[in-house]
file data-v4.tsv (TSV, C-alpha atoms and all ligand atoms)
chain	number	residue	atom	x	y	z
A	112	MET	CA	90.39	119.05	124.33
A	113	LYS	CA	91.17	122.09	122.18
A	114	LEU	CA	92.18	122.13	118.53
A	115	TYR	CA	93.73	125.13	116.81
A	116	THR	CA	92.47	124.74	113.25
A	117	TRP	CA	91.50	126.53	110.04
A	118	TRP	CA	88.88	125.27	107.60
A	119	ARG	CA	91.25	125.09	104.57
A	120	SER	CA	94.19	123.56	106.40
A	121	GLN	CA	94.95	120.06	105.13
A	122	ALA	CA	96.91	119.10	108.26
A	123	SER	CA	94.06	120.33	110.53
A	124	PHE	CA	91.55	118.35	108.44
A	125	ARG	CA	93.53	115.15	109.21
A	126	VAL	CA	93.26	115.74	112.94
A	127	ARG	CA	89.58	116.75	112.76
A	128	ILE	CA	88.77	113.43	111.05
A	129	ALA	CA	90.60	111.39	113.71
A	130	LEU	CA	88.90	113.28	116.56
A	131	ARG	CA	85.47	112.69	115.01
A	132	PHE	CA	86.27	109.05	114.22
A	133	LYS	CA	87.21	108.40	117.85
A	134	GLY	CA	84.16	110.30	119.09
A	135	LEU	CA	86.20	112.83	121.08
A	136	ASP	CA	84.74	116.18	122.15
A	137	VAL	CA	86.83	119.11	121.05
A	138	GLU	CA	86.63	122.88	121.21
A	139	MET	CA	87.75	124.42	117.91
A	140	LEU	CA	89.91	127.56	118.08
A	141	PHE	CA	90.21	129.21	114.70
A	142	VAL	CA	93.49	130.61	113.36
A	143	ASP	CA	92.96	132.33	110.01
A	144	LEU	CA	96.04	131.62	107.89
A	145	SER	CA	94.84	134.04	105.19
A	146	LYS	CA	95.30	136.82	107.80
A	147	ASP	CA	98.63	135.42	109.07
A	148	GLU	CA	97.09	134.84	112.52
A	149	GLN	CA	99.52	131.93	112.98
A	150	LEU	CA	102.28	134.54	113.36
A	151	ASP	CA	100.66	136.13	116.45
A	152	ALA	CA	102.87	136.02	119.52
A	153	ASN	CA	100.18	134.18	121.52
A	154	TYR	CA	100.00	131.37	118.99
A	155	ARG	CA	103.77	131.28	118.56
A	156	ALA	CA	104.07	130.69	122.29
A	157	ILE	CA	102.23	127.37	121.94
A	158	ASN	CA	103.48	126.41	118.47
A	159	PRO	CA	106.97	127.82	117.74
A	160	GLU	CA	106.79	126.64	114.09
A	161	MET	CA	103.69	128.87	113.68
A	162	VAL	CA	101.70	126.25	111.77
A	163	LEU	CA	98.40	124.43	112.24
A	164	PRO	CA	97.25	122.22	113.83
A	165	THR	CA	97.94	122.28	117.56
A	166	LEU	CA	96.00	120.01	119.90
A	167	ILE	CA	95.76	120.51	123.65
A	168	ASP	CA	94.49	117.54	125.62
A	169	GLY	CA	93.63	118.41	129.20
A	170	ASP	CA	96.31	120.58	130.79
A	171	GLY	CA	98.68	120.10	127.85
A	172	PRO	CA	101.45	120.35	126.78
A	173	PRO	CA	100.53	121.45	123.24
A	174	LEU	CA	100.78	118.66	120.66
A	175	VAL	CA	101.99	119.61	117.18
A	176	GLN	CA	102.60	117.91	113.80
A	177	SER	CA	99.44	116.23	112.51
A	178	LEU	CA	100.94	112.74	112.00
A	179	SER	CA	102.35	112.81	115.52
A	180	ILE	CA	98.93	113.93	116.83
A	181	LEU	CA	97.22	111.06	114.97
A	182	GLU	CA	99.65	108.61	116.60
A	183	TYR	CA	99.03	110.23	120.01
A	184	LEU	CA	95.25	109.88	119.61
A	185	GLU	CA	95.69	106.25	118.59
A	186	GLU	CA	97.79	105.49	121.68
A	187	ARG	CA	95.70	107.49	124.13
A	188	TYR	CA	92.25	106.58	122.70
A	189	PRO	CA	92.84	103.25	120.92
A	190	GLU	CA	89.24	102.42	120.00
A	191	PRO	CA	88.05	102.58	117.27
A	192	ARG	CA	91.43	101.84	115.73
A	193	LEU	CA	93.11	103.88	113.03
A	194	LEU	CA	96.10	101.56	112.63
A	195	PRO	CA	96.09	97.80	111.98
A	196	MET	CA	97.75	95.56	114.60
A	197	GLU	CA	100.34	93.70	112.54
A	198	PRO	CA	103.73	95.49	112.29
A	199	GLN	CA	104.18	95.20	108.51
A	200	ALA	CA	100.62	96.40	107.97
A	201	ARG	CA	101.25	99.36	110.30
A	202	ALA	CA	104.41	100.26	108.40
A	203	HIS	CA	102.49	100.10	105.11
A	204	VAL	CA	99.69	102.34	106.40
A	205	ARG	CA	102.19	104.84	107.82
A	206	ALA	CA	104.09	104.85	104.50
A	207	LEU	CA	100.91	105.63	102.54
A	208	ALA	CA	100.06	108.42	104.97
A	209	GLN	CA	103.55	109.91	104.67
A	210	THR	CA	103.54	109.75	100.88
A	211	VAL	CA	101.01	112.57	100.83
A	212	ALA	CA	101.45	114.23	104.25
A	213	ALA	CA	105.25	114.30	104.43
A	214	ASP	CA	106.30	114.26	100.76
A	215	ALA	CA	103.60	116.16	98.82
A	216	HIS	CA	101.98	118.55	101.29
A	217	PRO	CA	105.09	120.59	102.29
A	218	PHE	CA	105.37	121.98	98.76
A	219	ILE	CA	101.98	123.71	98.90
A	220	VAL	CA	101.75	125.22	102.39
A	221	PRO	CA	101.15	128.99	102.72
A	222	ARG	CA	104.73	129.88	103.71
A	223	VAL	CA	106.05	128.17	100.57
A	224	ARG	CA	103.41	129.86	98.39
A	225	LYS	CA	104.30	133.18	99.98
A	226	TYR	CA	108.00	132.64	99.23
A	227	LEU	CA	107.25	131.81	95.58
A	228	GLN	CA	105.22	135.02	95.29
A	229	GLN	CA	107.15	137.50	97.42
A	230	GLU	CA	110.78	136.36	97.10
A	231	LEU	CA	110.82	134.68	93.68
A	232	ALA	CA	108.14	136.97	92.17
A	233	LEU	CA	106.41	134.12	90.36
A	234	ASP	CA	103.09	135.10	88.80
A	235	GLU	CA	99.77	133.45	89.66
A	236	PRO	CA	99.66	130.95	86.71
A	237	THR	CA	103.22	129.82	87.44
A	238	ARG	CA	102.46	129.38	91.15
A	239	MET	CA	99.32	127.39	90.25
A	240	LYS	CA	101.43	125.18	88.01
A	241	TRP	CA	103.76	124.49	90.98
A	242	LEU	CA	100.85	123.62	93.30
A	243	GLN	CA	99.14	121.36	90.78
A	244	TYR	CA	102.41	119.63	89.91
A	245	TRP	CA	103.13	118.62	93.52
A	246	LEU	CA	99.55	117.69	94.30
A	247	ASP	CA	99.34	115.58	91.15
A	248	SER	CA	102.69	113.95	91.79
A	249	GLY	CA	101.54	112.89	95.31
A	250	THR	CA	98.29	111.48	93.91
A	251	ARG	CA	100.10	109.61	91.13
A	252	ILE	CA	102.46	107.93	93.58
A	253	ILE	CA	99.76	106.90	96.05
A	254	GLU	CA	97.59	105.61	93.17
A	255	GLU	CA	100.48	103.43	92.02
A	256	GLN	CA	101.03	102.12	95.56
A	257	LEU	CA	97.32	101.40	96.11
A	258	SER	CA	96.49	99.93	92.69
A	259	ARG	CA	99.29	97.36	92.71
A	260	ASP	CA	99.01	96.24	96.36
A	261	SER	CA	96.83	93.24	97.23
A	262	ARG	CA	96.25	94.68	100.72
A	263	THR	CA	94.18	97.54	99.26
A	264	GLY	CA	90.51	96.93	99.96
A	265	ARG	CA	87.50	99.20	100.32
A	266	PHE	CA	89.96	101.48	102.08
A	267	CYS	CA	93.72	102.03	101.68
A	268	TYR	CA	94.37	98.99	103.86
A	269	GLY	CA	91.62	96.37	103.94
A	270	ASP	CA	88.06	97.22	104.82
A	271	ALA	CA	88.40	99.73	107.67
A	272	PRO	CA	89.68	103.31	107.59
A	273	THR	CA	93.17	104.08	108.85
A	274	ILE	CA	95.44	107.11	109.06
A	275	ALA	CA	96.31	106.43	105.39
A	276	ASP	CA	92.69	107.15	104.40
A	277	ILE	CA	92.69	110.28	106.55
A	278	CYS	CA	95.77	111.62	104.76
A	279	LEU	CA	94.49	110.56	101.33
A	280	VAL	CA	91.13	112.29	101.81
A	281	ALA	CA	92.73	115.51	103.08
A	282	HIS	CA	95.17	115.50	100.15
A	283	LEU	CA	92.52	114.82	97.49
A	284	THR	CA	90.20	117.44	98.96
A	285	SER	CA	92.94	120.06	98.53
A	286	ALA	CA	93.74	118.77	95.03
A	287	LYS	CA	90.14	118.68	93.81
A	288	MET	CA	88.30	121.39	95.70
A	289	LEU	CA	91.00	124.03	96.18
A	290	TYR	CA	93.33	123.56	93.20
A	291	ASP	CA	91.15	122.03	90.50
A	292	CYS	CA	93.39	119.02	89.79
A	293	ASN	CA	92.13	116.35	87.39
A	294	LEU	CA	91.69	113.08	89.33
A	295	THR	CA	90.42	111.00	86.39
A	296	PRO	CA	93.74	109.14	86.00
A	297	TYR	CA	93.53	107.93	89.62
A	298	PRO	CA	90.52	105.57	89.92
A	299	THR	CA	91.67	103.68	93.04
A	300	ALA	CA	92.37	106.84	95.03
A	301	GLN	CA	89.06	108.32	93.88
A	302	ARG	CA	87.09	105.19	94.77
A	303	ILE	CA	88.57	105.13	98.28
A	304	PHE	CA	87.93	108.87	98.67
A	305	GLU	CA	84.28	108.35	97.81
A	306	THR	CA	83.99	105.41	100.24
A	307	CYS	CA	85.48	107.53	103.06
A	308	MET	CA	83.17	110.41	102.27
A	309	GLN	CA	80.17	108.23	103.16
A	310	LEU	CA	81.36	108.16	106.79
A	311	ASP	CA	80.18	110.74	109.36
A	312	ALA	CA	83.70	111.38	110.70
A	313	PHE	CA	84.95	112.40	107.27
A	314	ILE	CA	81.78	114.34	106.36
A	315	ASN	CA	81.72	116.35	109.61
A	316	ALA	CA	85.43	117.15	109.48
A	317	HIS	CA	85.29	118.37	105.85
A	318	PRO	CA	86.56	121.96	105.31
A	319	LEU	CA	83.19	123.24	104.07
A	320	GLN	CA	81.43	121.90	107.19
A	321	GLN	CA	83.56	124.04	109.51
A	322	PRO	CA	82.07	127.09	111.26
A	323	ASP	CA	84.92	129.29	109.99
A	324	ALA	CA	84.44	128.28	106.32
A	325	PRO	CA	83.07	130.91	103.93
A	326	LYS	CA	79.56	130.42	102.46
A	327	THR	CA	81.02	129.92	98.99
A	328	ILE	CA	84.54	129.35	97.66
B	1	LIG	N1	103.89	118.78	108.81
B	1	LIG	C1	102.97	119.68	109.45
B	1	LIG	C2	102.51	120.72	108.46
B	1	LIG	C3	101.93	121.89	109.17
B	1	LIG	C4	101.58	123.00	108.18
B	1	LIG	O1	102.41	123.42	107.36
B	1	LIG	N2	100.34	123.47	108.31
B	1	LIG	C5	99.90	124.53	107.44
B	1	LIG	C6	98.41	124.44	107.21
B	1	LIG	S1	97.94	122.91	106.47
B	1	LIG	C7	100.20	125.86	108.09
B	1	LIG	O2	99.79	126.11	109.20
B	1	LIG	N3	100.91	126.74	107.39
B	1	LIG	C8	101.22	128.05	107.84
B	1	LIG	C9	102.26	128.67	106.95
B	1	LIG	O3	102.70	128.00	106.02
B	1	LIG	O4	102.61	129.81	107.22
B	1	LIG	C10	101.78	118.86	109.99
B	1	LIG	O5	101.47	117.82	109.41
B	1	LIG	O6	101.19	119.28	111.01

call {"tool": "encode", "arguments": {"input": "data-v4.tsv", "output": "structure tokens", "more": "lines below"}}
Ligand SMILES: N[C@@H](CCC(=O)N[C@@H](CS)C(=O)NCC(=O)O)C(=O)O
result
Amino acid sequence: MKLYTWWRSQASFRVRIALRFKGLDVEMLFVDLSKDEQLDANYRAINPEMVLPTLIDGDGPPLVQSLSILEYLEERYPEPRLLPMEPQARAHVRALAQTVAADAHPFIVPRVRKYLQQELALDEPTRMKWLQYWLDSGTRIIEEQLSRDSRTGRFCYGDAPTIADICLVAHLTSAKMLYDCNLTPYPTAQRIFETCMQLDAFINAHPLQQPDAPKTI
């Protein structure tokens, strides 16, 4: 299996966690988004949207979109599970995952940041305000969902990690480590983050554990 990834990429982080969790061997191929390597013709040929991640399992075809890749891994390599069995529980877990991955994350990706800077000429403090607003808004919504739902346990759903925890951890890592957001108002999300970060799959997939990460940030 081959994964096109970059240490800072939130969507790649999601897939790295799932691969580790399921104990799958993967070769990492690094695409440096800070150098626009995703725009190279060779990468475009396998991922026409020119975004990370892309996963290639065996002879392919290339798999794109991190949530779709998580679902593929769950279907192809079901154990250990990343989705509960019961349909309403599965819908709940998918909804939590999408709250951050589909509704918050698109506002902060490099091509959006580039547009704010190059086309709208927004200065750095204004762009930071944008990023922190959307990250914080995603965290606030998932905190509200988690804190009021009796199905929340040690993890987002019960006492085992799911794709919701994967998306939550990737989101909070961006919020805290990359964009200095204050997470104090979100105790449930923080508690679950810390529980996940005790697990090898989450630790090993963390951005700063990647071979392409810088020594300091
Ligand atoms: N919805 C996509 C998002 C993909 C995405 O935007 N990835 C970012 C990195 S986290 C990227 O490659 N951005 C390149 C760019 O914006 O130019 C997914 O979940 O895979």

call {"tool": "residues_around", "arguments": {"input": "data-v4.tsv", "residues": "stretch 263-277 of chain A", "least_positions_apart": "3", "cutoff": "7 Å", "atoms": "all atoms listed in the file", "output": "list of chain:residue names"}}
result
A:Arg125, A:Ile128, A:Leu193, A:Leu194, A:Val204, A:Arg205, A:Leu207, A:Ala208, A:Leu257, A:Asp260, A:Val280, A:Ala281, A:Ile303

call {"tool": "residues_around", "arguments": {"input": "data-v4.tsv", "residues": "A:Gly249", "least_positions_apart": "6", "cutoff": "12 Å", "atoms": "only C-alpha atoms", "output": "list in words"}}
result
Leu207, Ala208, Gln209, Thr210, Val211, Ala212, Ala213, Asp214, Ala215, His216, Pro217, Phe218, Ile219, Leu242, Gln243, Glu255, Gln256, Cys278, Leu279, His282, Leu283, Ser285, Ala286, Cys292, Leu294, Tyr297 and Ala300 of chain A

call {"tool": "residues_near_point", "arguments": {"input": "data-v4.tsv", "point": "(102.3, 122.9, 115.7)", "cutoff": "9 Å", "atoms": "only C-alpha atoms", "output": "PyMOL selection string"}}
result
chain A and resi 115+155+157-166+173-177

call {"tool": "closest_residue", "arguments": {"input": "data-v4.tsv", "among": "A:Gln320, A:Gln121, A:Thr327, A:Thr116", "to": "ligand LIG 1 (chain B)", "atoms": "only C-alpha atoms and all ligand atoms"}}
result
A:Gln121

call {"tool": "residues_around", "arguments": {"input": "data-v4.tsv", "residues": "A:Thr295", "least_positions_apart": "2", "cutoff": "12 Å", "atoms": "all atoms listed in the file", "output": "PyMOL selection string"}}
result
chain A and resi 247+250-251+254+283+287+291-293+297-302

call {"tool": "atom_distance", "arguments": {"input": "data-v4.tsv", "atom1": "atom CA of A:Ser123", "atom2": "atom N2 of ligand LIG 1 (chain B)"}}
result
7.4 Å

call {"tool": "closest_residue", "arguments": {"input": "data-v4.tsv", "among": "A:Pro325, A:Gln149, A:Ala316, A:Gln199", "to": "A:Val137", "atoms": "all atoms listed in the file"}}
result
A:Ala316

call {"tool": "atom_distance", "arguments": {"input": "data-v4.tsv", "atom1": "atom CA of A:Ala232", "atom2": "atom CA of A:Tyr290"}}
result
20.0 Å

call {"tool": "closest_residue", "arguments": {"input": "data-v4.tsv", "among": "A:Thr284, A:Met139, A:Pro236, A:Phe132", "to": "A:Glu305", "atoms": "only C-alpha atoms"}}
result
A:Thr284

call {"tool": "atom_distance", "arguments": {"input": "data-v4.tsv", "atom1": "atom CA of A:His203", "atom2": "atom N1 of ligand LIG 1 (chain B)"}}
result
19.1 Å

call {"tool": "closest_residue", "arguments": {"input": "data-v4.tsv", "among": "A:Ala324, A:Ile252, A:Leu310, A:Leu181", "to": "ligand LIG 1 (chain B)", "atoms": "only C-alpha atoms and all ligand atoms"}}
result
A:Leu181
